[in-house]
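See structure below.
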Protein chains: 2
Amino acid sequence: MRAEILATGNEILGGALTDTNSAYIAGKLAEVGAEVVRHTCVGDELVELETALREIAGRAEIALVTGGLGPTIDDLTAEAAARAAGVTMHLDPEALRSVEAYFRILQRPVSASNRKQARLPQTAVCLPNPVGTAPGFAMRCGRCWFFFMPGVPHEMRRMLEDQVLPRIAAMQGDRQESYRSKTLTTFGLPESQVDDQLRGFAAEFPGVRLGLRAKFPEIQIKLYARGSQGPELETMLTAAVAWIRIRLGDKIISSQGASMEAVVAGLLMERQATIALAESCTGGLIAHRLTNIAGSSAYFLHAAIVYSNEAKQRILGVTPETLTRCGAVHEDTAKEMAAGARRLAGADYGLSTSGIAGPSGGTDAKPVGTVCIGVAGPDGVSARRYQFPFRERGMNKSLFAAAALNLLRRQLLSAPGLEGAKEPPIHREKLS
Amino acid sequence: MRAEILATGNEILGGALTDTNSAYIAGKLAEVGAEVVRHTCVGDELVELETALREIAGRAEIALVTGGLGPTIDDLTAEAAARAAGVTMHLDPEALRSVEAYFRILQRPVSASNRKQARLPQTAVCLPNPVGTAPGFAMRCGRCWFFFMPGVPHEMRRMLEDQVLPRIAAMQGDRQESYRSKTLTTFGLPESQVDDQLRGFAAEFPGVRLGLRAKFPEIQIKLYARGSQGPELETMLTAAVAWIRIRLGDKIISSQGASMEAVVAGLLMERQATIALAESCTGGLIAHRLTNIAGSSAYFLHAAIVYSNEAKQRILGVTPETLTRCGAVHEDTAKEMAAGARRLAGADYGLSTSGIAGPSGGTDAKPVGTVCIGVAGPDGVSARRYQFPFRERGMNKSLFAAAALNLLRRQLLSAPGLEGAKEPPIHREKLS
């Protein structure tokens, strides 16, 4: 069933407001098996609206429209719909009841401009709005069923869920296809290399659509399958995941689309291990990410965000000798920071970062993008240096944080329990 | 000049990704005086892409397209553009130079799939990409000039700013109107209340367009004016800002659209003051925000992210008596945390948060959304309690962090230097 989405309003058209409704609706339509082929946005202008509606009526079987149902002079969607369908407007009794019911909740009288919201095209079926002033409506135009909803996100979501999606599911009837999707998360390869590694996928799995989505610095691999048989789709996706796993190996950090911090949090909980951080260049980002996970107090003990050398010494016990000999950005400093954080908090693991996020502060030997990461665990301390090619502070903070969490992840994976973990070799590597 | 915007990609079409590029581009096109009449989004499907391009070519004078320039098999935009214009593809020498130059920065060889990115329609003019692998291009199709840019936001923004907008401005020539805009940042009022306070603006300033944009928990007020006389627009906007200032007072934290952390960073630098943090419920977010500002090492000394009561005692010197008597979420605990952070780092100011971000952990007396914030300064320590209505962890972390920075901001504003600052009254308040 070919579906289109139309967002209306000058705020969205002019860029003052980002349209989040269309993405939300698209996700929901996919769940009921409708195939979204286009989104459009036009402003509060009668001719543009009518033209867009006519065009959609000629292409799609269903269309979901948001915005322009309010009480103001700018709200022209119902009028444009009537024109596109060649019908007149009238005061819809059910729409009027919807408006009056909402104003009773507000304990306010219904104004003339709010009564205007009950004026719908003659052939429209009212979709009452229990959480706002603007009733929606459904109507046929050409061969397409249109569903008009308010632009206010929470009003739209309620109407979509309660009234629009059930109607669309019923319209699909036997045509309703099953839909399955899977998301893998990878870290350590840029998008183009992930893509290169997966060359041949389409030939191998013609029934599965593959998409890459960069959530810098992680890349998500999304697999979508659609068909009449749910269990078959499941089998197909499982085989597809196995195929990808052979090619990407330990670059895959989650087969449920989890973020790096969620993966590390899961491992810490599984191991019943606690963590303390010593962050310099990442400035609290690792702590922020880990504490975004609900329940993080089970494993997260303390983070010391230590920018200055003095704080590194005073709080974490980094020795002045190491700082003088190696500087702040060095494996030895990172090791002392990780060990200091672990000791200070009495944690099972300590994780540290010291590097140059930019835009300034780089040298020839340690350019912007250099980071040293230390991991202190029950079996000792190790450190690594990475040199990333980016010059942008925000990107480097994100990448440094993910690289640090990834080192901890690998250490947690190699530890059978808290005892007997083998310390990975300490060496410099270049990760691109 | 009628302009349209086309976003491409299955992720956006299917709702996996919200399209933020189109709103950004629309805002920038308004600045150069182009009139955006429509946004469209289609997926990675050759026929849909070609159809959309042909339709736009028949309607618009300029069109800005994002996405589909990557190295993968899904990236079909250049091919679709060639078909829509009826020209063939070729390896564009300048595009190849752009790709090779970027890979030199990355110190990686150019792969076959990356070389594909240099294949452009015969009549295209390459727009080199200094910050990514995908070159863009400009080409005429019908009566419309198309500008094709990468979908990765930071790459798109750079190309738009450096190469596309100047070309469009030149095309406009004498038709170009002057355009001025101003952005104010507010904190402490929800969007609907900001809107209520500004009722009557349109009647007072018919020549100024006003838009609100939520950057939770901050609300930006955007003012746009367009006309032939630049200086007149400037005068009009200055009057509009003064009118808004009367209504919103100290809810306005910046008249340059700066973020809360940038405002606080600016004040700390101006006062030559240093800061230390003790974050519990915000989990490093305040540190992360402050260290996002380049040059933060000038004022940022240390943050202790202390989740456990033990860490609060051991690292910050919070007394067991206070924790037993008041609990972790209390003004007295927040004060001891702020004072402890300040003392530990030897900073001018200490700022602390302790609260319940949710989803669990709330009680009747201290529901989810409760936070206590402490500020320690040269003249003593104060604390406040807020109770926010949200239940969502991420929203609460953001709101708590902004509320804490706002308290520090007010203290810094009231301090003439580091001496003689008057301590604000300690009381509970409810901020909605």
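Chain labels run A, B, ... following the order of the structure tokens; each chain numbers its residues from 1, and ligands are numbered from 1 in the order shown.
Overlaying chain A on chain B with a least-squares fit of every Cα atom yields 3.8 Å as the RMSD.
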Looking only at alpha helix (DSSP H) from DSSP on the backbone, list the matching residues of segment 84-234 of chain B as a ChimeraX atom specification.
-> /B:84-85,93-106,112-116,153-159,165-172,191-197,201-204,230-234
Could you check which of B:Lys251, B:Arg167, B:Arg384, B:Arg271 is closest to Pro190 of chain B, using only C-alpha atoms?
->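 Answer, going by the shortest atom-to-atom distance: B:Lys251.
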d(atom CA of Asp162 of chain A, atom CA of Glu55 of chain A) in Å |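 Atom CA of Asp162 of chain A sits 27.6 Å away from atom CA of Glu55 of chain A.
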Using only C-alpha atoms, pick whichever of B:Ala82, B:Ile5, B:Cys372, B:Ile356 has the shortest atom-to-atom distance to His39 of chain A.
->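 Smallest distance to His39 of chain A is found for B:Ile5.
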Sort by chain and increasing residue number a table of all residues of chain B within 6 Å of chain A, each with its closest pair of atoms and their distance in Å to one decimal, counting only C-alpha atoms, and write it as a Markdown table.
| residue | atom | partner | partner_atom | distance |
| --- | --- | --- | --- | --- |
| B:Gly14 | CA | A:Ala26 | CA | 5.1 |
| B:Gly15 | CA | A:Ala23 | CA | 3.8 |
| B:Thr18 | CA | A:Ala23 | CA | 5.5 |
| B:Ala23 | CA | A:Gly15 | CA | 3.8 |
| B:Tyr24 | CA | A:Gly15 | CA | 5.9 |
| B:Ala26 | CA | A:Gly15 | CA | 4.8 |
| B:Gly27 | CA | A:Gly15 | CA | 4.8 |
| B:Arg38 | CA | A:Val42 | CA | 4.9 |
| B:His39 | CA | A:Cys41 | CA | 4.8 |
| B:Thr40 | CA | A:Thr40 | CA | 4.3 |
| B:Cys41 | CA | A:His39 | CA | 4.8 |
| B:Val42 | CA | A:Arg38 | CA | 4.9 |
| B:Leu106 | CA | A:Pro389 | CA | 5.6 |
| B:Gly211 | CA | A:Ala16 | CA | 5.9 |
| B:Gly283 | CA | A:His288 | CA | 5.1 |
| B:Gly284 | CA | A:His288 | CA | 4.6 |
| B:Leu285 | CA | A:His288 | CA | 5.1 |
| B:Ala287 | CA | A:Gly284 | CA | 5.2 |
| B:His288 | CA | A:Gly284 | CA | 4.7 |
| B:Thr291 | CA | A:Gly283 | CA | 5.6 |
| B:Leu301 | CA | A:Tyr307 | CA | 5.8 |
| B:His302 | CA | A:Val306 | CA | 4.9 |
| B:Ala303 | CA | A:Ile305 | CA | 4.7 |
| B:Ala304 | CA | A:Ala304 | CA | 4.8 |
| B:Ile305 | CA | A:Ala303 | CA | 4.7 |
| B:Val306 | CA | A:His302 | CA | 4.9 |
| B:Tyr307 | CA | A:Leu301 | CA | 5.7 |
| B:Ser308 | CA | A:Leu301 | CA | 5.9 |
Those selected residues, please, written with C-alpha atoms and delivered as a compact mmCIF listing (two decimals), in the first residue's frame.
# COMPACT_ATOMS: atom_id res chain seq x y z
CA GLY B 14 11.34 5.21 6.78
CA GLY B 15 11.54 7.31 9.91
CA THR B 18 14.80 12.65 11.50
CA ALA B 23 15.13 22.89 8.29
CA TYR B 24 18.73 24.10 8.44
CA ALA B 26 15.48 26.48 4.75
CA GLY B 27 16.72 28.88 7.42
CA ARG B 38 8.41 22.99 -0.71
CA HIS B 39 10.44 20.23 0.95
CA THR B 40 10.36 16.68 -0.38
CA CYS B 41 11.91 13.43 0.81
CA VAL B 42 12.24 10.28 -1.28
CA LEU B 106 43.02 10.42 6.46
CA GLY B 211 9.69 31.97 15.53
CA GLY B 283 26.42 12.25 35.77
CA GLY B 284 29.04 14.36 33.99
CA LEU B 285 26.72 16.27 31.69
CA ALA B 287 31.34 18.87 32.75
CA HIS B 288 30.73 17.62 29.21
CA THR B 291 34.28 21.31 28.14
CA LEU B 301 39.62 22.67 36.99
CA HIS B 302 37.93 19.48 38.08
CA ALA B 303 34.64 17.62 38.26
CA ALA B 304 33.86 14.80 40.65
CA ILE B 305 31.07 12.61 39.34
CA VAL B 306 29.96 11.00 42.57
CA TYR B 307 27.08 8.60 42.35
CA SER B 308 27.56 6.66 45.57
Please provide as a list in words all residues within 9 Å of Ile62 of chain B, with the sequence filter that same-chain residues fewer than 4 positions apart are discarded (counting only C-alpha atoms).
->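 Result of the neighbour search: Met1, Arg2, Ala3, Glu4, Ile5, Ala34, Ile56, Ala57, Arg143, Cys144, Trp145, Phe146, Phe147 and Ile168 of chain B.
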Could you turn the residues from that selection into a file that holds N, CA and C atoms, as a PDB file, in the first residue's frame?
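Result file is part.pdb:
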ATOM      1  N   MET B   1      12.887  34.292  -5.734  1.00  0.00           N
ATOM      2  CA  MET B   1      13.442  33.084  -6.352  1.00  0.00           C
ATOM      3  C   MET B   1      12.860  31.847  -5.673  1.00  0.00           C
ATOM      4  N   ARG B   2      12.064  31.080  -6.403  1.00  0.00           N
ATOM      5  CA  ARG B   2      11.392  29.912  -5.828  1.00  0.00           C
ATOM      6  C   ARG B   2      12.396  28.791  -5.602  1.00  0.00           C
ATOM      7  N   ALA B   3      12.486  28.352  -4.359  1.00  0.00           N
ATOM      8  CA  ALA B   3      13.463  27.323  -4.009  1.00  0.00           C
ATOM      9  C   ALA B   3      12.751  26.098  -3.444  1.00  0.00           C
ATOM     10  N   GLU B   4      13.305  24.931  -3.728  1.00  0.00           N
ATOM     11  CA  GLU B   4      12.810  23.712  -3.100  1.00  0.00           C
ATOM     12  C   GLU B   4      13.973  22.955  -2.477  1.00  0.00           C
ATOM     13  N   ILE B   5      13.634  22.074  -1.528  1.00  0.00           N
ATOM     14  CA  ILE B   5      14.643  21.278  -0.830  1.00  0.00           C
ATOM     15  C   ILE B   5      14.252  19.808  -0.960  1.00  0.00           C
ATOM     16  N   ALA B  34      15.970  33.794  -0.640  1.00  0.00           N
ATOM     17  CA  ALA B  34      15.258  32.856  -1.511  1.00  0.00           C
ATOM     18  C   ALA B  34      13.976  32.414  -0.816  1.00  0.00           C
ATOM     19  N   ILE B  56      10.641  18.774  -9.564  1.00  0.00           N
ATOM     20  CA  ILE B  56      11.205  19.999  -8.991  1.00  0.00           C
ATOM     21  C   ILE B  56      11.728  20.900 -10.103  1.00  0.00           C
ATOM     22  N   ALA B  57      12.398  20.293 -11.091  1.00  0.00           N
ATOM     23  CA  ALA B  57      12.941  21.061 -12.220  1.00  0.00           C
ATOM     24  C   ALA B  57      11.841  21.842 -12.937  1.00  0.00           C
ATOM     25  N   ARG B 143      14.789  24.572 -16.110  1.00  0.00           N
ATOM     26  CA  ARG B 143      15.108  25.966 -15.796  1.00  0.00           C
ATOM     27  C   ARG B 143      15.644  26.100 -14.367  1.00  0.00           C
ATOM     28  N   CYS B 144      15.922  24.977 -13.747  1.00  0.00           N
ATOM     29  CA  CYS B 144      16.284  24.986 -12.321  1.00  0.00           C
ATOM     30  C   CYS B 144      17.755  24.637 -12.102  1.00  0.00           C
ATOM     31  N   TRP B 145      18.414  25.389 -11.210  1.00  0.00           N
ATOM     32  CA  TRP B 145      19.765  25.035 -10.776  1.00  0.00           C
ATOM     33  C   TRP B 145      19.674  24.147  -9.546  1.00  0.00           C
ATOM     34  N   PHE B 146      20.275  22.979  -9.642  1.00  0.00           N
ATOM     35  CA  PHE B 146      20.302  22.048  -8.513  1.00  0.00           C
ATOM     36  C   PHE B 146      21.670  22.087  -7.841  1.00  0.00           C
ATOM     37  N   PHE B 147      21.652  22.030  -6.511  1.00  0.00           N
ATOM     38  CA  PHE B 147      22.890  21.912  -5.743  1.00  0.00           C
ATOM     39  C   PHE B 147      22.805  20.629  -4.929  1.00  0.00           C
ATOM     40  N   ILE B 168      24.239  31.157  -4.836  1.00  0.00           N
ATOM     41  CA  ILE B 168      22.838  31.563  -4.892  1.00  0.00           C
ATOM     42  C   ILE B 168      22.723  33.075  -4.733  1.00  0.00           C
TER      43      ILE B 168
END
Which of segment 62-267 of chain A DSSP labels strand (DSSP E or B), written as number ranges by chain | A: 62-66, 89-91, 119-121, 125-127, 136-141, 144-149, 178-187, 208-215, 218-227, 252-254
With a distance cut-off of 12 Å and only C-alpha atoms, select the neighbouring residues of Val110 of chain B, excluding the residue or stretch itself and same-chain residues fewer than 5 positions from it, and output the selection as a PyMOL selection string.
-> (chain A and resi 192-193) or (chain B and resi 71+96-105+115-118+133)
